[in-house]
$ cat my_file19.cif   # mmCIF, C-alpha atoms
data_input
#
loop_
_atom_site.label_atom_id
_atom_site.label_comp_id
_atom_site.auth_asym_id
_atom_site.auth_seq_id
_atom_site.Cartn_x
_atom_site.Cartn_y
_atom_site.Cartn_z
CA MET A 299 149.57 11.61 64.46
CA GLU A 300 153.23 12.58 64.05
CA THR A 301 153.98 15.34 61.54
CA LYS A 302 156.08 14.01 58.68
CA ILE A 303 158.97 15.99 57.23
CA VAL A 304 159.38 15.47 53.50
CA PHE A 305 161.99 16.92 51.11
CA HIS A 306 161.45 17.29 47.38
CA ILE A 307 164.83 17.80 45.71
CA ASP A 308 165.00 19.02 42.14
CA PHE A 309 168.24 19.61 40.18
CA ASP A 310 168.16 23.02 38.46
CA TYR A 311 168.04 23.05 34.60
CA PHE A 312 169.65 19.62 34.85
CA TYR A 313 170.98 18.72 31.36
CA ALA A 314 172.21 22.27 30.67
CA GLN A 315 173.81 22.48 34.12
CA CYS A 316 175.63 19.18 33.48
CA GLU A 317 177.06 20.74 30.30
CA GLU A 318 178.18 23.83 32.28
CA ILE A 319 179.95 21.57 34.79
CA ARG A 320 181.81 19.86 31.95
CA ASN A 321 182.65 23.17 30.28
CA PRO A 322 182.53 26.14 32.72
CA GLU A 323 182.98 28.64 29.84
CA LEU A 324 179.32 28.00 28.94
CA LYS A 325 178.05 29.60 32.18
CA SER A 326 177.70 33.12 30.79
CA LYS A 327 176.20 31.96 27.46
CA PRO A 328 172.66 30.89 26.50
CA VAL A 329 172.88 27.06 26.48
CA CYS A 330 170.25 24.83 24.85
CA VAL A 331 170.49 21.05 25.09
CA CYS A 332 168.72 19.57 22.08
CA VAL A 333 167.19 16.33 20.90
CA PHE A 334 168.16 16.57 17.22
CA SER A 335 166.13 14.62 14.68
CA ASP A 336 167.69 12.94 11.63
CA ARG A 337 166.57 15.63 9.22
CA GLY A 338 169.38 18.14 9.61
CA GLU A 339 170.92 20.32 12.31
CA ASN A 340 167.94 22.62 12.79
CA THR A 341 165.26 19.99 13.27
CA GLY A 342 164.29 18.55 16.62
CA ALA A 343 163.34 20.03 20.00
CA ILE A 344 164.89 21.68 23.05
CA ALA A 345 165.32 19.22 25.96
CA THR A 346 166.31 21.92 28.45
CA ALA A 347 167.91 25.36 28.55
CA ASN A 348 169.90 27.29 31.13
CA TYR A 349 168.49 30.42 32.78
CA THR A 350 170.33 32.79 30.40
CA ALA A 351 168.53 31.16 27.45
CA ARG A 352 165.21 31.11 29.32
CA LYS A 353 165.26 34.92 29.49
CA TYR A 354 164.70 34.80 25.72
CA GLY A 355 161.62 32.58 26.08
CA ILE A 356 163.39 29.28 25.44
CA LYS A 357 161.49 26.37 27.02
CA SER A 358 161.64 22.57 26.93
CA GLY A 359 159.82 21.12 23.95
CA ILE A 360 160.00 24.11 21.58
CA PRO A 361 161.49 23.47 18.10
CA ILE A 362 165.24 24.11 17.75
CA LEU A 363 164.66 26.43 14.76
CA PHE A 364 162.27 28.55 16.84
CA ALA A 365 164.84 28.74 19.68
CA LYS A 366 167.58 29.79 17.24
CA LYS A 367 165.39 32.63 15.94
CA ARG A 368 164.73 33.85 19.49
CA LEU A 369 168.46 33.81 20.22
CA GLU A 370 169.51 35.47 16.95
CA GLU A 371 170.99 38.51 18.72
CA ARG A 372 173.11 36.27 20.98
CA LYS A 373 175.99 35.21 18.76
CA ASP A 374 177.45 33.29 21.73
CA SER A 375 174.45 30.96 22.12
CA VAL A 376 175.27 27.24 22.18
CA PHE A 377 173.16 24.30 20.94
CA LEU A 378 174.39 20.92 22.19
CA PRO A 379 173.14 17.35 21.60
CA VAL A 380 171.87 15.39 24.65
CA ASP A 381 174.44 13.11 26.27
CA PHE A 382 172.38 10.76 28.45
CA ASP A 383 175.27 8.56 29.62
CA TYR A 384 177.00 11.58 31.14
CA TYR A 385 173.78 12.95 32.70
CA ILE A 386 172.99 9.54 34.24
CA GLU A 387 176.48 9.34 35.72
CA THR A 388 176.12 12.85 37.22
CA SER A 389 172.63 12.06 38.52
CA GLU A 390 173.76 8.84 40.22
CA LYS A 391 176.50 10.65 42.16
CA ALA A 392 174.03 13.24 43.49
CA MET A 393 171.33 10.63 44.21
CA ASN A 394 173.81 8.63 46.36
CA ILE A 395 174.43 11.71 48.54
CA MET A 396 170.67 12.23 48.96
CA GLN A 397 169.99 8.58 49.68
CA ASN A 398 172.49 8.58 52.54
CA SER A 399 170.58 11.46 54.20
CA ALA A 400 167.08 9.93 54.14
CA ASP A 401 164.98 7.59 56.28
CA VAL A 402 163.08 6.71 53.09
CA PHE A 403 164.34 7.63 49.60
CA GLU A 404 162.01 7.75 46.58
CA TYR A 405 163.65 8.18 43.18
CA VAL A 406 161.34 10.01 40.77
CA GLY A 407 163.57 10.71 37.75
CA LYS A 408 167.14 11.64 36.81
CA ASP A 409 166.69 15.11 38.27
CA GLU A 410 164.30 14.69 41.22
CA ALA A 411 163.56 12.64 44.33
CA TYR A 412 161.55 12.67 47.57
CA LEU A 413 163.13 12.06 50.98
CA ASP A 414 161.30 11.30 54.21
CA VAL A 415 163.64 12.61 56.95
CA THR A 416 161.18 12.63 59.90
CA LYS A 417 163.20 10.32 62.20
CA ARG A 418 166.55 11.73 61.18
CA VAL A 419 165.58 15.26 62.23
CA GLU A 420 163.31 14.13 65.10
CA GLY A 421 160.31 15.90 63.56
CA ASP A 422 162.03 19.29 63.96
CA PHE A 423 161.69 21.72 61.02
CA LYS A 424 164.72 23.74 62.13
CA LYS A 425 166.91 20.63 62.03
CA ALA A 426 165.30 19.74 58.69
CA SER A 427 166.31 23.12 57.28
CA HIS A 428 169.94 22.52 58.37
CA LEU A 429 169.91 19.01 56.86
CA ALA A 430 168.54 20.37 53.55
CA GLN A 431 171.33 22.98 53.46
CA GLN A 432 173.94 20.28 54.19
CA ILE A 433 172.61 18.17 51.28
CA LYS A 434 172.77 21.20 48.96
CA ASN A 435 176.34 21.97 50.06
CA SER A 436 177.44 18.36 49.70
CA ILE A 437 175.98 18.01 46.17
CA ARG A 438 177.60 21.30 45.13
CA GLU A 439 180.95 20.31 46.62
CA LYS A 440 181.13 16.75 45.31
CA VAL A 441 179.16 16.96 42.04
CA LYS A 442 179.29 20.75 41.34
CA LEU A 443 175.53 20.63 40.84
CA SER A 444 173.03 23.11 42.26
CA CYS A 445 169.58 21.94 43.34
CA SER A 446 166.41 23.38 44.88
CA ILE A 447 164.76 21.81 47.93
CA GLY A 448 161.23 22.11 49.25
CA VAL A 449 160.66 21.09 52.90
CA SER A 450 157.15 20.52 54.29
CA PRO A 451 154.89 17.96 55.98
CA ASN A 452 153.96 16.25 52.66
CA LYS A 453 154.97 15.52 49.06
CA LEU A 454 152.51 17.96 47.48
CA ILE A 455 153.67 21.09 49.33
CA SER A 456 157.35 20.07 49.11
CA LYS A 457 157.06 19.75 45.33
CA ILE A 458 155.50 23.22 45.07
CA ALA A 459 158.10 24.63 47.51
CA SER A 460 161.11 23.23 45.60
CA ASN A 461 160.01 25.25 42.57
CA PHE A 462 159.36 28.42 44.59
CA GLN A 463 162.87 29.95 44.65
CA LYS A 464 164.63 28.33 41.72
CA PRO A 465 167.52 28.09 40.97
CA ASP A 466 169.47 27.02 44.08
CA GLY A 467 166.47 27.55 46.38
CA LEU A 468 165.56 26.25 49.81
CA THR A 469 161.94 26.82 50.90
CA VAL A 470 160.74 25.51 54.26
CA VAL A 471 156.97 25.39 54.89
CA PRO A 472 156.20 24.19 58.46
CA PRO A 473 152.58 23.18 59.27
CA ASP A 474 151.59 26.59 60.66
CA LYS A 475 152.73 28.38 57.47
CA ILE A 476 150.99 26.18 54.87
CA HIS A 477 147.97 28.44 54.19
CA GLU A 478 150.07 31.61 54.19
CA PHE A 479 152.45 29.99 51.66
CA LEU A 480 149.83 28.47 49.31
CA GLY A 481 147.19 31.26 49.36
CA PRO A 482 148.77 33.80 46.97
CA LEU A 483 150.07 31.19 44.49
CA ARG A 484 148.44 30.68 41.10
CA ILE A 485 146.16 27.65 40.89
CA ARG A 486 148.44 26.32 38.11
CA THR A 487 151.17 25.84 40.74
CA ILE A 488 149.38 22.72 42.01
CA PRO A 489 150.96 19.64 40.39
CA GLY A 490 148.66 18.05 37.83
CA ILE A 491 146.57 21.16 37.14
CA GLY A 492 146.94 21.93 33.46
CA ASN A 493 145.69 24.46 30.92
CA LYS A 494 142.15 23.13 30.73
CA THR A 495 141.49 23.21 34.48
CA GLU A 496 143.20 26.59 34.86
CA LYS A 497 141.09 28.01 32.02
CA ARG A 498 137.89 26.76 33.64
CA PHE A 499 138.87 28.44 36.92
CA ALA A 500 139.65 31.67 35.03
CA GLU A 501 136.13 31.58 33.57
CA MET A 502 134.88 31.38 37.17
CA SER A 503 137.14 34.42 37.98
CA LEU A 504 139.40 32.30 40.20
CA GLU A 505 143.14 32.38 39.68
CA ARG A 506 144.82 32.05 43.10
CA ILE A 507 144.77 29.07 45.46
CA LYS A 508 143.05 31.18 48.15
CA ASP A 509 140.21 31.94 45.67
CA VAL A 510 139.62 28.26 44.88
CA LYS A 511 139.62 27.48 48.61
CA LYS A 512 136.26 29.29 48.86
CA LEU A 513 134.59 26.58 46.74
CA ASP A 514 133.01 23.64 48.50
CA VAL A 515 133.71 20.07 47.47
CA PHE A 516 130.27 19.65 45.79
CA THR A 517 130.92 22.56 43.38
CA LEU A 518 134.35 21.14 42.54
CA ASN A 519 132.92 17.64 42.00
CA LYS A 520 130.27 19.06 39.69
CA GLU A 521 132.85 20.95 37.61
CA PHE A 522 135.68 18.43 37.48
CA GLY A 523 134.26 15.05 38.45
CA ARG A 524 134.43 13.39 41.85
CA LYS A 525 138.02 12.19 41.76
CA ASN A 526 139.55 15.41 40.42
CA GLY A 527 137.22 17.56 42.52
CA ALA A 528 138.35 15.84 45.72
CA TYR A 529 142.02 16.13 44.68
CA ILE A 530 141.69 19.90 44.09
CA TYR A 531 139.70 20.40 47.31
CA ASN A 532 142.46 18.75 49.36
CA ALA A 533 145.36 20.20 47.38
CA VAL A 534 144.34 23.86 47.85
CA ARG A 535 144.30 23.12 51.61
CA GLY A 536 147.78 21.62 51.39
CA GLU A 537 146.48 18.16 52.29
CA ASN A 538 148.15 15.08 50.83
CA ASN A 539 148.76 11.77 52.57
CA GLU A 540 150.74 10.00 49.84
CA PRO A 541 153.73 8.41 51.67
CA VAL A 542 157.31 8.61 50.46
CA LYS A 543 157.79 5.08 49.09
CA LYS A 544 161.19 3.46 48.78
CA ARG A 545 162.19 3.50 45.12
CA GLU A 546 165.74 3.09 43.89
CA ALA A 547 166.88 4.55 40.60
CA THR A 548 166.37 2.12 37.73
CA ILE A 549 168.07 4.23 35.16
CA GLN A 550 168.23 1.78 32.28
CA TYR A 551 167.72 -1.81 31.14
CA SER A 552 170.48 -3.24 29.00
CA LYS A 553 171.86 -6.48 27.56
CA ILE A 554 175.29 -7.15 26.07
CA ILE A 555 176.72 -10.30 24.47
CA THR A 556 180.12 -11.49 23.28
CA LEU A 557 179.69 -12.43 19.64
CA LYS A 558 180.60 -15.93 18.36
CA ARG A 559 183.15 -14.23 16.10
CA ASP A 560 184.52 -10.71 15.71
CA SER A 561 182.70 -9.13 12.79
CA LYS A 562 181.55 -5.91 11.15
CA GLU A 563 179.10 -7.64 8.82
CA LEU A 564 175.62 -6.09 8.97
CA GLN A 565 173.57 -9.29 8.58
CA PHE A 566 175.44 -11.18 11.34
CA LEU A 567 175.27 -8.23 13.76
CA HIS A 568 171.61 -7.61 12.93
CA GLU A 569 170.66 -11.20 13.85
CA ASN A 570 172.38 -10.87 17.23
CA LEU A 571 170.86 -7.44 17.83
CA MET A 572 167.32 -8.77 17.28
CA VAL A 573 167.93 -11.44 19.96
CA LEU A 574 169.05 -8.67 22.37
CA CYS A 575 165.98 -6.59 21.48
CA ASN A 576 163.70 -9.48 22.50
CA GLU A 577 165.55 -9.97 25.80
CA VAL A 578 165.45 -6.28 26.76
CA HIS A 579 161.82 -6.04 25.67
CA ASP A 580 160.93 -8.97 27.97
CA ILE A 581 162.43 -7.06 30.94
CA VAL A 582 160.60 -3.86 29.98
CA ARG A 583 157.29 -5.74 29.79
CA LYS A 584 157.82 -7.60 33.09
CA LYS A 585 158.60 -4.32 34.86
CA SER A 586 155.59 -2.55 33.24
CA LYS A 587 157.80 0.22 31.89
CA MET A 588 157.95 2.36 28.78
CA PHE A 589 161.18 3.77 27.32
CA LYS A 590 161.90 6.90 25.34
CA SER A 591 165.54 6.42 24.36
CA VAL A 592 167.27 3.49 22.64
CA GLY A 593 171.03 3.00 22.42
CA ILE A 594 173.41 0.43 21.00
CA ASN A 595 177.06 -0.04 21.89
CA PHE A 596 180.03 -1.94 20.48
CA VAL A 597 183.12 -3.20 22.23
CA GLN A 598 185.54 -3.33 19.30
CA SER A 599 188.34 -5.83 18.75
CA ASP A 600 190.88 -3.33 20.11
CA LEU A 601 188.62 -3.11 23.25
CA SER A 602 187.62 0.49 22.51
CA ASN A 603 183.94 1.41 22.84
CA LYS A 604 181.54 2.97 20.39
CA SER A 605 177.92 3.89 21.10
CA LYS A 606 174.96 5.54 19.41
CA SER A 607 171.56 6.45 20.82
CA ARG A 608 168.30 8.03 19.75
CA MET A 609 165.45 9.75 21.57
CA LEU A 610 161.99 8.66 20.41
CA ARG A 611 159.12 11.06 19.92
CA ASN A 612 156.97 9.43 22.65
CA PRO A 613 157.51 6.84 25.40
CA THR A 614 156.65 3.33 24.17
CA ASP A 615 156.87 -0.35 25.13
CA SER A 616 156.68 -1.53 21.52
CA LEU A 617 159.04 -4.32 20.41
CA GLU A 618 158.68 -3.18 16.76
CA GLU A 619 159.78 0.34 17.67
CA LEU A 620 162.75 -1.04 19.63
CA GLN A 621 163.78 -3.28 16.71
CA ARG A 622 163.33 -0.56 14.10
CA THR A 623 165.29 2.06 16.06
CA SER A 624 168.15 -0.27 16.99
CA GLU A 625 168.37 -1.46 13.36
CA GLN A 626 168.69 2.16 12.18
CA LEU A 627 171.37 2.86 14.81
CA LEU A 628 173.27 -0.27 13.76
CA LYS A 629 173.29 0.77 10.09
CA GLU A 630 174.47 4.29 10.99
CA ALA A 631 177.17 2.99 13.34
CA LEU A 632 178.52 0.61 10.68
CA GLU A 633 178.79 3.28 7.95
CA ASN A 634 182.49 4.03 8.52
CA GLN A 635 183.31 0.99 10.63
CA THR A 636 186.88 -0.21 10.04
CA ILE A 637 187.47 -2.32 13.18
CA THR A 638 185.61 -5.58 13.79
CA ILE A 639 183.25 -5.81 16.76
CA ARG A 640 183.69 -8.26 19.65
CA ARG A 641 180.71 -7.45 21.91
CA LEU A 642 177.35 -5.95 21.04
CA GLY A 643 174.93 -4.32 23.47
CA ILE A 644 171.57 -2.57 23.55
CA LYS A 645 169.95 -0.39 26.22
CA VAL A 646 166.73 1.49 26.80
CA THR A 647 166.63 4.60 29.03
CA GLU A 648 164.24 7.45 29.92
CA LEU A 649 161.96 4.92 31.64
CA SER A 650 158.43 5.65 32.82
CA GLU A 651 155.52 3.71 34.31
CA ILE A 652 153.31 2.02 31.73
CA GLN A 653 149.90 3.15 33.03
CA GLY A 654 150.72 6.82 32.39
CA GLN A 655 149.13 9.75 34.15
CA SER A 656 145.46 9.17 33.47
CA ASP A 657 144.26 12.24 35.35
CA ILE A 658 145.49 14.86 37.79
CA THR A 659 144.92 12.64 40.82
CA ARG A 660 147.52 10.20 39.40
CA PHE A 661 150.17 12.89 39.70
CA PHE A 662 151.85 11.26 42.68
#
$ encode --input "my_file19.cif" --output "structure tokens"
Amino acid sequence: METKIVFHIDFDYFYAQCEEIRNPELKSKPVCVCVFSDRGENTGAIATANYTARKYGIKSGIPILFAKKRLEERKDSVFLPVDFDYYIETSEKAMNIMQNSADVFEYVGKDEAYLDVTKRVEGDFKKASHLAQQIKNSIREKVKLSCSIGVSPNKLISKIASNFQKPDGLTVVPPDKIHEFLGPLRIRTIPGIGNKTEKRFAEMSLERIKDVKKLDVFTLNKEFGRKNGAYIYNAVRGENNEPVKKREATIQYSKIITLKRDSKELQFLHENLMVLCNEVHDIVRKKSKMFKSVGINFVQSDLSNKSKSRMLRNPTDSLEELQRTSEQLLKEALENQTITIRRLGIKVTELSEIQGQSDITRFF
């Protein structure tokens, strides 16, 4: 059987890096990109932080207030709101470069993708290493974005390898180096292994991949169930046969209409917005997706644009949630509206598969 060559490409601290590209003065400062809630400037959570901020223990998901306390001594720290339209635009440019270098391209999210390059590099890991470096150079040159690439015979090892030398890393793991590479790593490094599983291994005095490798499949099945046991047994040996599947980036679903008359009247706009909500919701349902961000946009009578968006607490496919959030955004957008509106649009972004990740074996 031919050895596959798979890349996992991951953009480094993506949202914060996008902000540094837009404003290079931020590079030396701790930068936190935030999802602010409606309850004032200190409420909400960190979406991502640059490496300077991470040195102070800032991580995705921690409350903004908590992050501000940790960065108290850094008077130059910066807290910015998320700007998804700009991040999507940046992501698309980089994804196009990657897509042109792959036999098979699998979009995973705004900041990561898998590439099968086996034919392109004729199964040669040395050529694969050169191709990975060319992709990195091209993305840096054209988009000013740095990324980390893992190169190996399968998706599992490539994903681990892309995280190995972040930021701006390139880690190549050919077949004969798999066990040497995986052995010393913490068991947590395996995608899909969370706190609970790691804790159980710690109770068994096992913390490295090489330690877990000593367990037979029956012991693992007994501890973690058959499905998860088999996944762990194969993963610690670097075995994974999940193919890279062609998947283009579906970044958002949106609908826009030209109104029957130019207006800034809430009731009239609300009626039209509810029709758009139903149409977008139908698409979301048909595609079996959930969304985590809702946005509305106006094309005003002078043809200028205005938009407003909100990140939800959890991914959802609920029509009620879509209607409620878009209604709130509409009211907020109309507060100081002086110009009438000609076209009205709605979009959902931050898409994910509806079935969710039911257990660690669903990771890929």
$ resolve_selection --input "my_file19.cif" --expression "the PyMOL selection byres ((chain A and resi 563) around 12)" --output "PyMOL selection string"
chain A and resi 557+559-562+564-570+628-629+631-633+635-640
$ closest_residue --input "my_file19.cif" --among "A:Val471, A:Val376, A:Ile455, A:Val304" --to "Lys417 of chain A" --atoms "all atoms listed in the file"
A:Val304
$ atom_distance --input "my_file19.cif" --atom1 "atom CA of His579 of chain A" --atom2 "atom CA of Leu620 of chain A"
7.9 Å
$ atom_distance --input "my_file19.cif" --atom1 "atom CA of Val441 of chain A" --atom2 "atom CA of Ala392 of chain A"
6.5 Å
$ closest_atom_pairs --input "my_file19.cif" --of "segment 477-514 of chain A" --to "segment 526-543 of chain A" --cutoff "8 Å" --atoms "all atoms listed in the file" --output "tab-separated table"
residue	atom	partner	partner_atom	distance
A:His477	CA	A:Arg535	CA	7.0
A:Leu480	CA	A:Val534	CA	7.3
A:Ile488	CA	A:Ala533	CA	7.2
A:Ile507	CA	A:Val534	CA	5.7
A:Lys508	CA	A:Val534	CA	7.4
A:Val510	CA	A:Val534	CA	7.1
A:Lys511	CA	A:Val534	CA	6.0
A:Asp514	CA	A:Tyr531	CA	7.5
$ resolve_selection --input "my_file19.cif" --expression "the PyMOL selection byres ((chain A and resi 641) around 9)" --output "JSON list (two decimals) with C-alpha atoms, keeping the file's coordinate frame"
[["chain", "number", "residue", "atom", "x", "y", "z"],
["A", 554, "ILE", "CA", 175.29, -7.15, 26.07],
["A", 555, "ILE", "CA", 176.72, -10.30, 24.47],
["A", 556, "THR", "CA", 180.12, -11.49, 23.28],
["A", 557, "LEU", "CA", 179.69, -12.43, 19.64],
["A", 560, "ASP", "CA", 184.52, -10.71, 15.71],
["A", 595, "ASN", "CA", 177.06, -0.04, 21.89],
["A", 596, "PHE", "CA", 180.03, -1.94, 20.48],
["A", 597, "VAL", "CA", 183.12, -3.20, 22.23],
["A", 598, "GLN", "CA", 185.54, -3.33, 19.30],
["A", 599, "SER", "CA", 188.34, -5.83, 18.75],
["A", 639, "ILE", "CA", 183.25, -5.81, 16.76],
["A", 640, "ARG", "CA", 183.69, -8.26, 19.65],
["A", 642, "LEU", "CA", 177.35, -5.95, 21.04],
["A", 643, "GLY", "CA", 174.93, -4.32, 23.47]]
$ resolve_selection --input "my_file19.cif" --expression "the PyMOL selection byres ((chain A and resi 359) around 12)" --output "PyMOL selection string"
chain A and resi 330-334+342-347+355-358+360-365+611
$ atom_distance --input "my_file19.cif" --atom1 "atom CA of Arg368 of chain A" --atom2 "atom CA of Phe309 of chain A"
25.4 Å
$ closest_residue --input "my_file19.cif" --among "A:Glu439, A:Glu323, A:Asp381, A:Glu618" --to "Ile395 of chain A" --atoms "only C-alpha atoms"
A:Glu439
$ residues_around --input "my_file19.cif" --residues "Gln550 of chain A" --least-positions-apart "4" --cutoff "10 Å" --atoms "only C-alpha atoms" --output "mmCIF file with C-alpha atoms, in the frame of the given file"
data_model
loop_
_atom_site.group_PDB
_atom_site.id
_atom_site.type_symbol
_atom_site.label_atom_id
_atom_site.label_comp_id
_atom_site.auth_asym_id
_atom_site.auth_seq_id
_atom_site.Cartn_x
_atom_site.Cartn_y
_atom_site.Cartn_z
ATOM 1 C CA ILE A 386 172.990 9.540 34.240
ATOM 2 C CA VAL A 582 160.600 -3.860 29.980
ATOM 3 C CA PHE A 589 161.180 3.770 27.320
ATOM 4 C CA SER A 591 165.540 6.420 24.360
ATOM 5 C CA VAL A 592 167.270 3.490 22.640
ATOM 6 C CA LYS A 645 169.950 -0.390 26.220
ATOM 7 C CA VAL A 646 166.730 1.490 26.800
ATOM 8 C CA THR A 647 166.630 4.600 29.030
ATOM 9 C CA GLU A 648 164.240 7.450 29.920
ATOM 10 C CA LEU A 649 161.960 4.920 31.640
#
$ axis_aligned_box --input "my_file19.cif" --around "segment 342-361 of chain A" --padding-each-side "4 Å" --output "AutoDock Vina command-line options"
--center_x 165.1 --center_y 26.7 --center_z 24.7 --size_x 18.5 --size_y 24.4 --size_z 24.2
$ closest_residue --input "my_file19.cif" --among "A:Ile307, A:Ala314, A:Lys544, A:Ala500" --to "Gly448 of chain A" --atoms "all atoms listed in the file"
A:Ile307
$ closest_residue --input "my_file19.cif" --among "A:Asp474, A:Glu619, A:Glu420, A:Glu410" --to "His306 of chain A" --atoms "only C-alpha atoms"
A:Glu410
$ closest_residue --input "my_file19.cif" --among "A:Gln397, A:Ser456, A:Asn634, A:Thr301" --to "Thr416 of chain A" --atoms "all atoms listed in the file"
A:Thr301
$ residues_around --input "my_file19.cif" --residues "Lys434 of chain A" --least-positions-apart "2" --cutoff "8 Å" --atoms "only C-alpha atoms" --output "VMD selection string"
chain A and resid 430 to 432 436 to 438 444 to 446
$ closest_residue --input "my_file19.cif" --among "A:Val578, A:Ser375, A:Phe382, A:Asn519" --to "Ser605 of chain A" --atoms "all atoms listed in the file"
A:Phe382
$ decode --input "my_file19.cif" --residues "segment 373-379 of chain A" --atoms "all heavy atoms" --output "short mmCIF file (atom, residue, chain, number, x, y, z; two decimals), in the first residue's frame"
data_model
loop_
_atom_site.label_atom_id
_atom_site.label_comp_id
_atom_site.auth_asym_id
_atom_site.auth_seq_id
_atom_site.Cartn_x
_atom_site.Cartn_y
_atom_site.Cartn_z
N LYS A 373 0.62 48.09 30.68
CA LYS A 373 -0.25 49.23 30.34
C LYS A 373 -0.49 49.31 28.83
O LYS A 373 -1.36 50.02 28.36
CB LYS A 373 0.37 50.56 30.82
CG LYS A 373 0.64 50.60 32.32
CD LYS A 373 -0.65 50.57 33.14
CE LYS A 373 -0.39 50.49 34.64
NZ LYS A 373 -1.23 49.51 35.31
N ASP A 374 0.34 48.59 28.05
CA ASP A 374 0.20 48.65 26.58
C ASP A 374 -0.69 47.53 26.03
O ASP A 374 -0.81 47.36 24.83
CB ASP A 374 1.58 48.58 25.91
CG ASP A 374 2.34 47.30 26.27
OD1 ASP A 374 1.96 46.63 27.25
OD2 ASP A 374 3.31 46.97 25.55
N SER A 375 -1.33 46.75 26.94
CA SER A 375 -2.14 45.64 26.43
C SER A 375 -3.39 46.17 25.70
O SER A 375 -3.93 47.22 26.03
CB SER A 375 -2.53 44.67 27.54
OG SER A 375 -3.21 45.35 28.55
N VAL A 376 -3.81 45.40 24.69
CA VAL A 376 -4.90 45.85 23.81
C VAL A 376 -6.01 44.80 23.79
O VAL A 376 -5.74 43.60 23.63
CB VAL A 376 -4.35 46.04 22.37
CG1 VAL A 376 -5.44 46.52 21.43
CG2 VAL A 376 -3.18 47.02 22.36
N PHE A 377 -7.24 45.25 23.95
CA PHE A 377 -8.42 44.38 23.91
C PHE A 377 -9.31 44.82 22.74
O PHE A 377 -9.84 45.92 22.77
CB PHE A 377 -9.19 44.44 25.23
CG PHE A 377 -8.42 43.80 26.37
CD1 PHE A 377 -7.42 44.50 27.03
CD2 PHE A 377 -8.69 42.49 26.76
CE1 PHE A 377 -6.68 43.91 28.06
CE2 PHE A 377 -7.97 41.89 27.78
CZ PHE A 377 -6.96 42.60 28.43
N LEU A 378 -9.43 43.96 21.73
CA LEU A 378 -10.15 44.34 20.51
C LEU A 378 -11.38 43.46 20.31
O LEU A 378 -11.36 42.27 20.65
CB LEU A 378 -9.24 44.15 19.29
CG LEU A 378 -7.95 44.99 19.27
CD1 LEU A 378 -7.01 44.46 18.20
CD2 LEU A 378 -8.28 46.45 19.00
N PRO A 379 -12.45 44.01 19.70
CA PRO A 379 -13.62 43.17 19.40
C PRO A 379 -13.35 42.30 18.17
O PRO A 379 -12.57 42.68 17.29
CB PRO A 379 -14.72 44.20 19.09
CG PRO A 379 -13.98 45.41 18.61
CD PRO A 379 -12.64 45.41 19.29
#
